[in-house]
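Asker: Contents of upload05.cif (mmCIF, C-alpha atoms and all ligand atoms):
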data_data
loop_
_atom_site.label_atom_id
_atom_site.label_comp_id
_atom_site.auth_asym_id
_atom_site.auth_seq_id
_atom_site.Cartn_x
_atom_site.Cartn_y
_atom_site.Cartn_z
CA MET A 1 -15.90 -31.52 -41.09
CA GLY A 2 -13.10 -29.58 -39.44
CA LYS A 3 -13.33 -26.77 -36.94
CA SER A 4 -16.73 -25.45 -35.88
CA ARG A 5 -17.52 -22.30 -33.90
CA ARG A 6 -20.05 -19.54 -33.53
CA THR A 7 -20.42 -15.78 -33.92
CA GLN A 8 -23.39 -13.40 -34.01
CA VAL A 9 -22.99 -11.96 -37.53
CA CYS A 10 -20.95 -13.66 -40.22
CA ILE A 11 -19.80 -11.05 -42.75
CA VAL A 12 -18.69 -12.20 -46.19
CA GLY A 13 -16.26 -9.75 -47.82
CA SER A 14 -13.83 -7.22 -46.40
CA GLY A 15 -14.52 -4.31 -48.71
CA PRO A 16 -15.70 -1.05 -47.17
CA ALA A 17 -19.21 -2.45 -46.57
CA GLY A 18 -18.17 -5.54 -44.60
CA LEU A 19 -15.43 -3.79 -42.65
CA LEU A 20 -17.60 -0.84 -41.64
CA LEU A 21 -20.42 -3.13 -40.51
CA SER A 22 -18.04 -5.19 -38.41
CA GLN A 23 -16.51 -2.09 -36.83
CA LEU A 24 -19.86 -0.46 -36.01
CA LEU A 25 -21.23 -3.70 -34.51
CA HIS A 26 -18.10 -4.13 -32.42
CA ARG A 27 -18.64 -0.72 -30.84
CA GLN A 28 -22.09 -1.88 -29.75
CA GLY A 29 -20.72 -5.09 -28.31
CA ILE A 30 -22.00 -7.27 -31.17
CA GLU A 31 -19.59 -9.92 -32.42
CA SER A 32 -18.80 -10.64 -36.04
CA VAL A 33 -16.26 -12.51 -38.16
CA ILE A 34 -15.29 -11.38 -41.66
CA LEU A 35 -14.48 -13.99 -44.31
CA GLU A 36 -12.48 -12.56 -47.22
CA ARG A 37 -11.38 -14.45 -50.30
CA ARG A 38 -8.30 -12.32 -51.07
CA ASP A 39 -5.19 -11.52 -49.04
CA ARG A 40 -4.76 -8.32 -47.08
CA ALA A 41 -2.27 -6.71 -49.49
CA TYR A 42 -4.66 -7.21 -52.39
CA VAL A 43 -7.61 -5.71 -50.51
CA GLU A 44 -5.52 -2.73 -49.39
CA GLY A 45 -4.02 -2.17 -52.84
CA ARG A 46 -7.19 -1.86 -54.93
CA ILE A 47 -7.51 1.65 -56.35
CA ARG A 48 -11.12 2.84 -56.35
CA ALA A 49 -13.06 6.13 -56.27
CA GLY A 50 -12.52 8.83 -53.70
CA VAL A 51 -15.40 11.23 -53.03
CA LEU A 52 -17.12 10.85 -49.66
CA GLU A 53 -20.54 12.31 -48.91
CA GLN A 54 -21.09 14.06 -45.58
CA GLY A 55 -23.20 11.13 -44.31
CA THR A 56 -20.33 8.75 -45.12
CA VAL A 57 -17.82 10.90 -43.24
CA ASP A 58 -20.21 11.12 -40.28
CA LEU A 59 -20.66 7.34 -40.10
CA LEU A 60 -16.90 6.75 -40.37
CA ARG A 61 -16.51 9.13 -37.44
CA GLU A 62 -19.17 7.26 -35.49
CA ALA A 63 -17.20 4.07 -36.20
CA GLY A 64 -14.08 5.69 -34.73
CA VAL A 65 -12.06 5.41 -37.94
CA ALA A 66 -11.93 9.02 -39.14
CA ASP A 67 -8.77 10.41 -37.51
CA ARG A 68 -6.63 10.22 -40.67
CA LEU A 69 -9.62 11.14 -42.84
CA ASP A 70 -10.12 14.29 -40.75
CA ARG A 71 -6.42 15.15 -41.07
CA GLU A 72 -5.81 14.28 -44.72
CA GLY A 73 -9.21 14.46 -46.43
CA LEU A 74 -9.69 17.39 -48.81
CA VAL A 75 -12.97 19.22 -48.26
CA HIS A 76 -14.52 20.33 -51.56
CA ASP A 77 -17.36 22.84 -51.63
CA GLY A 78 -17.78 22.75 -55.40
CA PHE A 79 -16.82 21.06 -58.67
CA GLU A 80 -16.81 22.02 -62.32
CA ILE A 81 -18.69 20.80 -65.34
CA ALA A 82 -17.11 21.53 -68.72
CA GLY A 83 -19.02 21.17 -71.97
CA ASN A 84 -20.08 23.03 -75.12
CA GLY A 85 -16.75 24.88 -74.89
CA ARG A 86 -17.70 26.38 -71.53
CA ARG A 87 -17.03 25.64 -67.90
CA HIS A 88 -19.42 26.02 -65.04
CA ARG A 89 -18.93 25.64 -61.30
CA ILE A 90 -21.52 23.79 -59.19
CA ALA A 91 -21.30 25.57 -55.81
CA LEU A 92 -22.20 22.64 -53.58
CA ASP A 93 -22.27 24.51 -50.28
CA GLU A 94 -24.29 27.49 -51.55
CA LEU A 95 -26.84 25.28 -53.29
CA THR A 96 -27.33 22.87 -50.37
CA ASN A 97 -27.18 25.06 -47.26
CA GLY A 98 -23.56 24.34 -46.52
CA LYS A 99 -23.11 20.69 -47.47
CA VAL A 100 -19.78 19.60 -48.94
CA VAL A 101 -17.93 16.41 -49.99
CA THR A 102 -14.54 15.10 -48.89
CA VAL A 103 -11.96 13.75 -51.31
CA TYR A 104 -10.23 10.77 -49.67
CA GLY A 105 -9.42 7.52 -51.42
CA GLN A 106 -11.58 4.46 -50.83
CA THR A 107 -8.29 2.56 -50.61
CA GLU A 108 -7.41 4.68 -47.56
CA VAL A 109 -10.86 4.12 -46.01
CA THR A 110 -10.28 0.38 -46.39
CA LYS A 111 -6.81 0.54 -44.81
CA ASP A 112 -8.11 2.60 -41.87
CA LEU A 113 -10.96 0.14 -41.28
CA ILE A 114 -8.73 -2.95 -41.43
CA ALA A 115 -6.26 -1.35 -39.00
CA ALA A 116 -9.09 -0.46 -36.59
CA ARG A 117 -10.66 -3.94 -36.75
CA LEU A 118 -7.37 -5.69 -36.09
CA ALA A 119 -6.33 -3.25 -33.33
CA ALA A 120 -9.61 -3.99 -31.54
CA GLY A 121 -9.03 -7.75 -31.78
CA GLY A 122 -11.55 -8.16 -34.61
CA GLU A 123 -11.28 -11.24 -36.76
CA ILE A 124 -10.81 -11.02 -40.51
CA VAL A 125 -10.05 -14.37 -42.16
CA PHE A 126 -8.11 -13.40 -45.28
CA GLU A 127 -7.73 -16.00 -48.05
CA ALA A 128 -10.88 -17.85 -47.00
CA ALA A 129 -11.70 -20.24 -49.86
CA ASP A 130 -15.01 -21.80 -50.95
CA VAL A 131 -17.06 -19.57 -48.68
CA THR A 132 -20.62 -20.96 -48.77
CA PRO A 133 -23.69 -19.57 -46.99
CA ASN A 134 -26.02 -22.34 -45.73
CA ALA A 135 -29.52 -22.69 -44.17
CA PHE A 136 -30.28 -18.97 -44.44
CA ASP A 137 -33.96 -19.73 -45.08
CA GLY A 138 -34.30 -20.29 -41.36
CA SER A 139 -32.94 -18.75 -38.19
CA LYS A 140 -29.90 -21.01 -37.78
CA PRO A 141 -27.69 -20.16 -40.75
CA PHE A 142 -24.07 -21.18 -40.99
CA VAL A 143 -21.20 -20.52 -43.36
CA THR A 144 -18.61 -23.06 -44.42
CA TYR A 145 -15.20 -22.22 -45.84
CA SER A 146 -11.71 -23.55 -46.00
CA HIS A 147 -8.60 -21.83 -44.76
CA GLN A 148 -5.01 -23.02 -44.99
CA GLY A 149 -6.20 -26.42 -46.11
CA GLN A 150 -8.66 -26.91 -43.26
CA GLU A 151 -12.47 -26.97 -43.44
CA HIS A 152 -14.38 -24.63 -41.13
CA ARG A 153 -17.98 -24.10 -40.08
CA LEU A 154 -19.17 -20.82 -38.62
CA ASP A 155 -22.65 -20.79 -37.06
CA CYS A 156 -24.32 -17.41 -36.70
CA ASP A 157 -27.61 -15.51 -36.32
CA PHE A 158 -27.23 -13.56 -39.55
CA ILE A 159 -25.12 -13.57 -42.70
CA ALA A 160 -24.17 -10.20 -44.20
CA GLY A 161 -23.37 -10.58 -47.90
CA CYS A 162 -20.86 -7.75 -48.40
CA ASP A 163 -18.94 -9.65 -51.04
CA GLY A 164 -19.24 -7.34 -54.02
CA PHE A 165 -20.77 -7.81 -57.45
CA HIS A 166 -19.00 -11.13 -58.16
CA GLY A 167 -19.52 -12.50 -54.66
CA VAL A 168 -21.07 -15.78 -53.62
CA CYS A 169 -23.96 -14.53 -51.45
CA ARG A 170 -26.27 -13.11 -54.11
CA GLN A 171 -25.50 -16.09 -56.31
CA SER A 172 -26.50 -18.49 -53.51
CA LEU A 173 -30.08 -17.22 -53.44
CA PRO A 174 -32.75 -19.31 -55.16
CA GLN A 175 -33.26 -17.98 -58.68
CA ASN A 176 -36.86 -16.98 -58.17
CA ALA A 177 -36.05 -15.15 -54.91
CA ILE A 178 -34.57 -12.05 -56.52
CA ARG A 179 -35.24 -9.88 -59.50
CA THR A 180 -32.37 -8.05 -61.15
CA PHE A 181 -32.29 -4.87 -63.23
CA GLU A 182 -29.29 -4.11 -65.37
CA ARG A 183 -27.90 -1.71 -67.90
CA THR A 184 -24.45 -1.79 -69.42
CA TYR A 185 -23.00 1.24 -71.17
CA PRO A 186 -21.18 1.22 -74.51
CA PHE A 187 -18.02 2.73 -72.98
CA ALA A 188 -15.61 2.41 -70.04
CA TRP A 189 -13.21 4.63 -68.10
CA LEU A 190 -9.47 4.40 -68.38
CA GLY A 191 -8.21 5.64 -65.02
CA ILE A 192 -4.74 6.77 -64.01
CA LEU A 193 -3.19 7.60 -60.68
CA ALA A 194 -0.21 9.92 -61.20
CA LYS A 195 2.47 11.55 -59.12
CA ALA A 196 1.53 15.02 -60.27
CA ALA A 197 -0.27 18.03 -58.82
CA PRO A 198 -4.03 18.11 -59.56
CA ALA A 199 -5.21 20.00 -62.64
CA ALA A 200 -7.20 22.48 -60.54
CA ASP A 201 -8.37 22.99 -56.96
CA GLU A 202 -11.65 21.19 -57.68
CA LEU A 203 -12.80 18.19 -59.72
CA ILE A 204 -13.58 18.82 -63.38
CA TYR A 205 -16.12 16.64 -65.22
CA ALA A 206 -15.90 17.25 -68.98
CA HIS A 207 -18.22 16.43 -71.85
CA HIS A 208 -16.26 16.55 -75.11
CA ASP A 209 -16.68 15.39 -78.66
CA ARG A 210 -13.75 13.01 -78.15
CA GLY A 211 -15.42 11.57 -75.05
CA PHE A 212 -15.84 12.22 -71.34
CA ALA A 213 -12.92 13.10 -69.06
CA LEU A 214 -12.60 13.66 -65.32
CA CYS A 215 -9.75 15.29 -63.44
CA SER A 216 -9.74 14.29 -59.80
CA MET A 217 -7.10 13.98 -57.10
CA ARG A 218 -6.00 12.15 -53.99
CA SER A 219 -3.77 14.82 -52.44
CA GLU A 220 -1.91 17.99 -53.36
CA SER A 221 0.70 15.89 -55.13
CA ILE A 222 -1.33 12.94 -56.49
CA SER A 223 -3.79 13.21 -59.38
CA ARG A 224 -6.50 10.76 -60.34
CA HIS A 225 -7.77 11.23 -63.91
CA TYR A 226 -10.12 9.33 -66.20
CA VAL A 227 -10.84 9.35 -69.92
CA GLN A 228 -13.76 7.61 -71.62
CA CYS A 229 -12.63 4.68 -73.76
CA SER A 230 -14.27 1.71 -75.44
CA PRO A 231 -15.46 -1.12 -73.14
CA ASN A 232 -13.01 -3.66 -74.57
CA GLU A 233 -10.10 -1.28 -74.78
CA ASP A 234 -6.59 -2.66 -75.06
CA LEU A 235 -4.42 -0.87 -72.45
CA SER A 236 -1.32 -1.31 -74.61
CA LYS A 237 -2.91 1.10 -77.10
CA TRP A 238 -2.79 3.78 -74.42
CA PRO A 239 0.82 4.74 -73.77
CA ASP A 240 1.11 7.46 -71.12
CA ALA A 241 1.68 10.23 -73.69
CA ARG A 242 -1.65 9.45 -75.38
CA ILE A 243 -3.54 9.67 -72.08
CA TRP A 244 -2.04 13.06 -71.20
CA ASP A 245 -2.79 14.27 -74.69
CA GLU A 246 -6.44 13.20 -74.50
CA LEU A 247 -6.82 14.80 -71.07
CA ARG A 248 -5.45 18.10 -72.39
CA HIS A 249 -7.81 17.96 -75.36
CA ARG A 250 -10.92 17.06 -73.41
CA ILE A 251 -10.38 19.20 -70.32
CA GLY A 252 -8.66 22.12 -72.02
CA ASP A 253 -5.64 23.91 -70.67
CA THR A 254 -6.50 27.47 -69.73
CA ASP A 255 -6.31 29.89 -66.82
CA GLY A 256 -6.54 28.07 -63.53
CA HIS A 257 -6.41 24.60 -65.14
CA HIS A 258 -3.32 22.83 -66.17
CA ILE A 259 -2.86 19.12 -66.78
CA ASN A 260 0.35 18.43 -64.85
CA GLU A 261 2.16 15.35 -66.07
CA GLY A 262 3.98 12.95 -63.79
CA PRO A 263 4.89 9.27 -63.48
CA LEU A 264 1.92 6.90 -63.40
CA LEU A 265 1.35 4.84 -60.24
CA ASP A 266 -1.61 2.91 -61.68
CA LYS A 267 -3.46 2.52 -64.97
CA SER A 268 -6.65 0.49 -65.27
CA ILE A 269 -10.02 0.17 -66.99
CA THR A 270 -13.35 0.49 -65.15
CA PRO A 271 -16.41 -0.99 -66.88
CA MET A 272 -19.66 0.97 -66.62
CA ARG A 273 -22.78 -0.76 -65.39
CA SER A 274 -26.01 -0.03 -63.53
CA PHE A 275 -27.37 -3.02 -61.61
CA VAL A 276 -29.87 -3.60 -58.80
CA ALA A 277 -31.00 -6.85 -57.15
CA GLU A 278 -34.32 -6.83 -55.28
CA PRO A 279 -34.99 -7.56 -52.48
CA MET A 280 -31.77 -7.16 -50.49
CA ARG A 281 -32.75 -9.78 -47.94
CA HIS A 282 -33.62 -13.45 -48.03
CA GLY A 283 -34.35 -15.03 -44.65
CA SER A 284 -31.34 -14.42 -42.45
CA LEU A 285 -29.06 -13.37 -45.34
CA PHE A 286 -28.74 -9.63 -45.99
CA LEU A 287 -27.03 -8.16 -49.05
CA ALA A 288 -25.23 -4.81 -48.82
CA GLY A 289 -23.06 -2.69 -51.11
CA ASP A 290 -21.87 -3.92 -54.49
CA ALA A 291 -23.29 -7.39 -53.74
CA ALA A 292 -26.74 -5.86 -54.29
CA HIS A 293 -26.15 -2.97 -56.66
CA ILE A 294 -23.65 -1.29 -58.98
CA VAL A 295 -23.63 2.27 -60.23
CA PRO A 296 -21.43 3.66 -62.99
CA PRO A 297 -18.67 5.76 -61.36
CA THR A 298 -19.88 9.15 -62.68
CA GLY A 299 -20.82 10.98 -59.47
CA ALA A 300 -18.85 8.61 -57.22
CA LYS A 301 -21.86 7.02 -55.54
CA GLY A 302 -20.63 3.39 -55.22
CA LEU A 303 -18.87 3.58 -51.88
CA ASN A 304 -21.39 6.04 -50.45
CA LEU A 305 -24.24 3.72 -51.32
CA ALA A 306 -22.47 0.80 -49.64
CA VAL A 307 -22.14 2.98 -46.55
CA SER A 308 -25.84 3.93 -46.45
CA ASP A 309 -26.82 0.25 -46.75
CA ILE A 310 -24.57 -0.48 -43.79
CA TYR A 311 -26.16 2.35 -41.82
CA TYR A 312 -29.63 0.76 -42.23
CA LEU A 313 -28.37 -2.78 -41.57
CA TYR A 314 -26.33 -1.75 -38.54
CA ARG A 315 -29.27 0.10 -36.94
CA ALA A 316 -31.51 -2.90 -37.58
CA LEU A 317 -29.05 -5.37 -36.02
CA VAL A 318 -28.53 -3.15 -32.99
CA GLN A 319 -32.30 -2.95 -32.50
CA PHE A 320 -32.52 -6.75 -32.77
CA TYR A 321 -29.77 -7.44 -30.22
CA LYS A 322 -30.53 -4.61 -27.78
CA GLN A 323 -34.31 -4.44 -27.90
CA SER A 324 -35.21 -7.91 -29.21
CA MET A 325 -37.18 -6.28 -32.02
CA SER A 326 -36.96 -7.10 -35.70
CA ASP A 327 -39.07 -4.46 -37.44
CA LEU A 328 -35.99 -2.60 -38.72
CA LEU A 329 -34.59 -5.86 -40.06
CA ASP A 330 -37.92 -6.42 -41.80
CA ARG A 331 -37.77 -2.94 -43.32
CA TYR A 332 -34.08 -3.10 -44.28
CA SER A 333 -34.53 -4.03 -47.93
CA ASP A 334 -37.27 -1.46 -48.64
CA GLN A 335 -35.40 1.32 -46.86
CA ALA A 336 -32.08 0.60 -48.50
CA LEU A 337 -33.61 0.17 -51.97
CA ALA A 338 -35.49 3.48 -51.77
CA ARG A 339 -32.15 5.27 -51.50
CA VAL A 340 -30.37 2.91 -53.89
CA TRP A 341 -32.78 3.69 -56.74
CA LYS A 342 -32.33 7.44 -56.26
CA ALA A 343 -28.55 7.07 -56.43
CA GLU A 344 -28.96 4.77 -59.45
CA ARG A 345 -31.00 7.50 -61.12
CA PHE A 346 -28.43 10.19 -60.43
CA SER A 347 -25.46 8.07 -61.57
CA TRP A 348 -27.30 7.02 -64.74
CA TRP A 349 -28.30 10.63 -65.44
CA MET A 350 -24.82 12.05 -64.93
CA THR A 351 -23.35 9.25 -67.06
CA SER A 352 -25.88 9.91 -69.83
CA LEU A 353 -25.34 13.66 -69.67
CA LEU A 354 -21.57 13.66 -69.96
CA HIS A 355 -20.48 10.73 -72.13
CA LYS A 356 -20.19 10.50 -75.87
CA PHE A 357 -22.47 7.67 -77.00
CA PRO A 358 -21.19 5.86 -80.08
CA ASN A 359 -23.49 5.66 -83.09
CA GLU A 360 -25.22 2.33 -83.37
CA ALA A 361 -25.34 0.49 -86.67
CA GLY A 362 -27.68 2.35 -89.03
CA TYR A 363 -28.63 4.96 -86.43
CA ASP A 364 -27.28 8.47 -86.26
CA ARG A 365 -27.42 10.00 -82.78
CA ALA A 366 -27.50 13.59 -84.05
CA PHE A 367 -30.74 14.36 -82.18
CA GLU A 368 -29.54 12.84 -78.90
CA ASN A 369 -26.28 14.76 -79.19
CA ARG A 370 -28.16 18.04 -79.48
CA MET A 371 -30.31 17.03 -76.49
CA GLN A 372 -27.14 16.49 -74.46
CA GLU A 373 -25.82 19.91 -75.46
CA ALA A 374 -29.17 21.51 -74.61
CA GLU A 375 -29.23 19.82 -71.22
CA ILE A 376 -25.70 20.99 -70.41
CA ALA A 377 -26.58 24.53 -71.53
CA TYR A 378 -29.71 24.43 -69.35
CA LEU A 379 -27.76 23.15 -66.37
CA MET A 380 -25.22 25.94 -66.73
CA SER A 381 -27.94 28.60 -66.88
CA SER A 382 -30.45 27.41 -64.29
CA ARG A 383 -29.92 27.60 -60.55
CA ALA A 384 -32.83 25.18 -60.10
CA ALA A 385 -31.08 22.58 -62.29
CA GLN A 386 -27.80 23.12 -60.43
CA THR A 387 -29.57 22.67 -57.10
CA VAL A 388 -30.82 19.26 -58.23
CA VAL A 389 -27.27 18.22 -59.15
CA ALA A 390 -25.75 19.60 -55.94
CA GLU A 391 -28.36 17.97 -53.67
CA ASN A 392 -27.64 14.57 -55.20
CA TYR A 393 -23.87 15.01 -55.41
CA VAL A 394 -23.46 15.79 -51.71
CA GLY A 395 -25.68 12.78 -50.99
CA LEU A 396 -29.35 12.35 -50.19
CA PRO A 397 -30.09 11.93 -46.47
CA PHE A 398 -30.18 8.52 -44.83
N1 LIG B 1 -15.79 -15.10 -50.51
C1 LIG B 1 -15.23 -14.18 -49.69
N2 LIG B 1 -15.01 -12.89 -50.07
C2 LIG B 1 -15.39 -12.53 -51.30
C3 LIG B 1 -16.01 -13.44 -52.18
C4 LIG B 1 -16.20 -14.77 -51.75
N3 LIG B 1 -16.77 -15.68 -52.55
N4 LIG B 1 -16.28 -12.77 -53.34
C5 LIG B 1 -15.86 -11.53 -53.17
N5 LIG B 1 -15.32 -11.35 -51.95
C6 LIG B 1 -14.71 -10.14 -51.40
C7 LIG B 1 -13.87 -9.36 -52.39
O1 LIG B 1 -12.56 -9.88 -52.52
C8 LIG B 1 -13.89 -7.96 -51.81
O2 LIG B 1 -12.81 -7.75 -50.92
O3 LIG B 1 -15.72 -9.24 -51.03
C9 LIG B 1 -15.20 -7.92 -51.03
C10 LIG B 1 -16.21 -6.97 -51.65
O4 LIG B 1 -15.72 -5.66 -51.55
P1 LIG B 1 -16.08 -4.50 -52.61
O5 LIG B 1 -16.09 -5.04 -53.99
O6 LIG B 1 -15.18 -3.36 -52.30
O7 LIG B 1 -17.61 -4.14 -52.26
P2 LIG B 1 -18.28 -3.25 -51.11
O8 LIG B 1 -17.64 -3.48 -49.79
O9 LIG B 1 -19.73 -3.43 -51.29
O10 LIG B 1 -17.87 -1.76 -51.47
C11 LIG B 1 -18.51 -1.00 -52.43
O11 LIG B 1 -16.45 -0.64 -53.45
O12 LIG B 1 -16.34 -1.84 -55.42
C12 LIG B 1 -16.42 -0.57 -54.87
O13 LIG B 1 -17.56 0.74 -56.45
C13 LIG B 1 -17.67 0.02 -55.28
O14 LIG B 1 -17.17 1.93 -54.22
C14 LIG B 1 -17.97 0.81 -54.12
C15 LIG B 1 -17.56 -0.01 -52.96
C1 LIG B 2 -12.10 9.60 -58.15
O1 LIG B 2 -11.44 10.50 -57.61
O2 LIG B 2 -11.63 8.47 -58.30
C2 LIG B 2 -13.47 9.89 -58.64
C3 LIG B 2 -14.01 11.13 -58.42
C4 LIG B 2 -15.27 11.42 -58.88
C5 LIG B 2 -15.99 10.46 -59.56
C6 LIG B 2 -15.46 9.19 -59.76
C7 LIG B 2 -14.19 8.90 -59.30
O3 LIG B 2 -17.22 10.75 -60.03
#
Please express the file's structure as structure tokens.
Answerer:
Amino acid sequence: MGKSRRTQVCIVGSGPAGLLLSQLLHRQGIESVILERRDRAYVEGRIRAGVLEQGTVDLLREAGVADRLDREGLVHDGFEIAGNGRRHRIALDELTNGKVVTVYGQTEVTKDLIAARLAAGGEIVFEAADVTPNAFDGSKPFVTYSHQGQEHRLDCDFIAGCDGFHGVCRQSLPQNAIRTFERTYPFAWLGILAKAAPAADELIYAHHDRGFALCSMRSESISRHYVQCSPNEDLSKWPDARIWDELRHRIGDTDGHHINEGPLLDKSITPMRSFVAEPMRHGSLFLAGDAAHIVPPTGAKGLNLAVSDIYYLYRALVQFYKQSMSDLLDRYSDQALARVWKAERFSWWMTSLLHKFPNEAGYDRAFENRMQEAEIAYLMSSRAAQTVVAENYVGLPF
């Protein structure tokens, strides 16, 4: 065995969950080391969603990483739903006593967090290979990994599994220790990032016979758009012109909305899945973010849910180190899961409401299609229904 050392919390994964936890702990004088499989450029280059709930913005401020977010983030107090040939605005602030969301790319959140960790002397081991959590049944866990050809051992009090859906931490748990719940959807999103002005001032979610579409943005000159496609779609069948054409069809091009074309900076496919692993703790190993749950991107809850997990875990670790108490650690999984399931419900509902479900063999979805239309019509006509959407979209409290 090569080098051996010790830290308080070993964090696996430098996505938003792991980075935010490390940064928050640092500000309370609690030490951590992050082990990340990929290199820094890869982590900072991943294009993901970009709608931050108020609670997410508040916690990023508390972590001291919100300067650029406060300067560049776009505050949105509403968004539009288009369907049945109509468009309706959900007035987030009016329906929720003034709550809003902020449009700011997750990629930028990640860059800000990495810069802050490194500036404060924090340790992120990029390109850590064969990361393996050990002895987490007891109170003396350790993590082994190799880096630049050398074996390492990191002893710690706790392991935070922030290593995403395909990470090693959840997979290291004994099979009978967790129960998983999963749903895959019979469609995916083809997403583009384009150097073009957004289609409108606010996001537009569209239900259309040709499939769902979403017009979003990253700035006044960068658009982020999505169109529903099949889950095993071949990207080569989607030349740029076809994507713009589909967006125009599905979103419509009328007063106040115009699909502005521009060169593409990114084009990729996002699969759609709902997934939850219970519980989110085993001994001294705690799962957070995508390592424990996935939501389909409709409603942009993925990053926000990772952040609320970190809020609960951070508070619990601070209580442990500062007050020598572990009741918050004991309640972590139940508390986090209570909020996770509500966000799972909302993401599943919004996905089901807005997408075109393909007919299954021998089954015509005519009835379900009418139900979808009726639900959209109800939503557009009922303030009560809109309040439910707005309350969830801006984020449930944590
Ligand atoms: N060893 C070390 N690191 C790993 C391993 C491993 N075996 N497996 C995965 N990782 C790293 C990944 O490379 C990634 O950088 O863990 C990190 C997990 O980050 P994310 O996938 O971004 O997950 P999370 O931090 O929970 O953020 C959730 O990101 O994926 C989106 O939709 C999701 O918006 C949500 C948010
Ligand atoms: C995005 O801007 O990438 C985005 C916005 C809203 C969503 C999902 C993704 O629901």
Asker: Could you list, as a PDB file with C-alpha atoms, in the coordinates of the input, every residue within 9 Å of A:Ser32, counting only C-alpha atoms and ignoring same-chain residues fewer than 6 positions away?
Answerer:
ATOM      1  CA  THR A   7     -20.420 -15.780 -33.920  1.00  0.00           C
ATOM      2  CA  GLN A   8     -23.390 -13.400 -34.010  1.00  0.00           C
ATOM      3  CA  VAL A   9     -22.990 -11.960 -37.530  1.00  0.00           C
ATOM      4  CA  CYS A  10     -20.950 -13.660 -40.220  1.00  0.00           C
ATOM      5  CA  ILE A  11     -19.800 -11.050 -42.750  1.00  0.00           C
ATOM      6  CA  LEU A  21     -20.420  -3.130 -40.510  1.00  0.00           C
ATOM      7  CA  SER A  22     -18.040  -5.190 -38.410  1.00  0.00           C
ATOM      8  CA  GLN A  23     -16.510  -2.090 -36.830  1.00  0.00           C
ATOM      9  CA  LEU A  25     -21.230  -3.700 -34.510  1.00  0.00           C
ATOM     10  CA  HIS A  26     -18.100  -4.130 -32.420  1.00  0.00           C
ATOM     11  CA  GLY A 122     -11.550  -8.160 -34.610  1.00  0.00           C
ATOM     12  CA  GLU A 123     -11.280 -11.240 -36.760  1.00  0.00           C
ATOM     13  CA  CYS A 156     -24.320 -17.410 -36.700  1.00  0.00           C
TER      14      CYS A 156
END
Asker: Counting all atoms listed in the file, what are the residues, protein, DNA or RNA alike, that approach ligand LIG 2 (chain B) to within 8 Å? I want them as a list of chain:residue names.
Answerer: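 Residues lying within 8 Å of ligand LIG 2 (chain B): A:Arg48, A:Ala49, A:Gly50, A:Val51, A:Val103, A:Gly105, A:Leu203, A:Tyr205, A:Leu214, A:Cys215, A:Ser216, A:Met217, A:Arg218, A:Arg224, A:His225, A:Pro297, A:Thr298, A:Gly299, A:Ala300, A:Lys301.
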Asker: Distance atom CA of A:Asp163-atom C2 of ligand LIG 1 (chain B), one decimal place?
Answerer: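 Going from atom CA of A:Asp163 over to atom C2 of ligand LIG 1 (chain B), I get 4.6 Å.
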Asker: Return as lines of an AutoDock Vina configuration file the centre and edge lengths, in Å with one decimal, of the box along x, y and z that encloses every atom of ligand LIG 1 (chain B) in the file, padded by 5 Å per side.
Answerer:
center_x = -16.1
center_y = -6.9
center_z = -53.1
size_x = 17.2
size_y = 27.6
size_z = 16.8
Asker: Which residues form the shell of 6 Å around ligand LIG 1 (chain B) when you count only C-alpha atoms and all ligand atoms, given as a PyMOL selection string?
Answerer: chain A and resi 12-18+35-38+43+131+162-164+166-168+289-291+302-303+306
Asker: Set the distance at 8 Å and use only C-alpha atoms: which residues neighbour A:His257 once local chain neighbours fewer than 5 positions away are removed? I'd like the list as a VMD selection string.
Answerer: chain A and resid 199 to 200 252
Asker: Would you mind reading off the distance between atom CA of A:Leu396 and atom CA of A:Arg339, one decimal, in Å?
Answerer: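 Here the two named atoms are 7.7 Å from each other.
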Asker: Of the residues A:Leu285, A:Val75, A:Ile30, A:Leu118, which is the one nearest to A:Ala135, using only C-alpha atoms?
Answerer: A:Leu285
Asker: Could you check which of A:Leu264, A:Leu353, A:Ile159, A:Ala292 is closest to A:Glu368, using all atoms listed in the file?
Answerer: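 Among the listed residues, the smallest separation from A:Glu368 belongs to A:Leu353.
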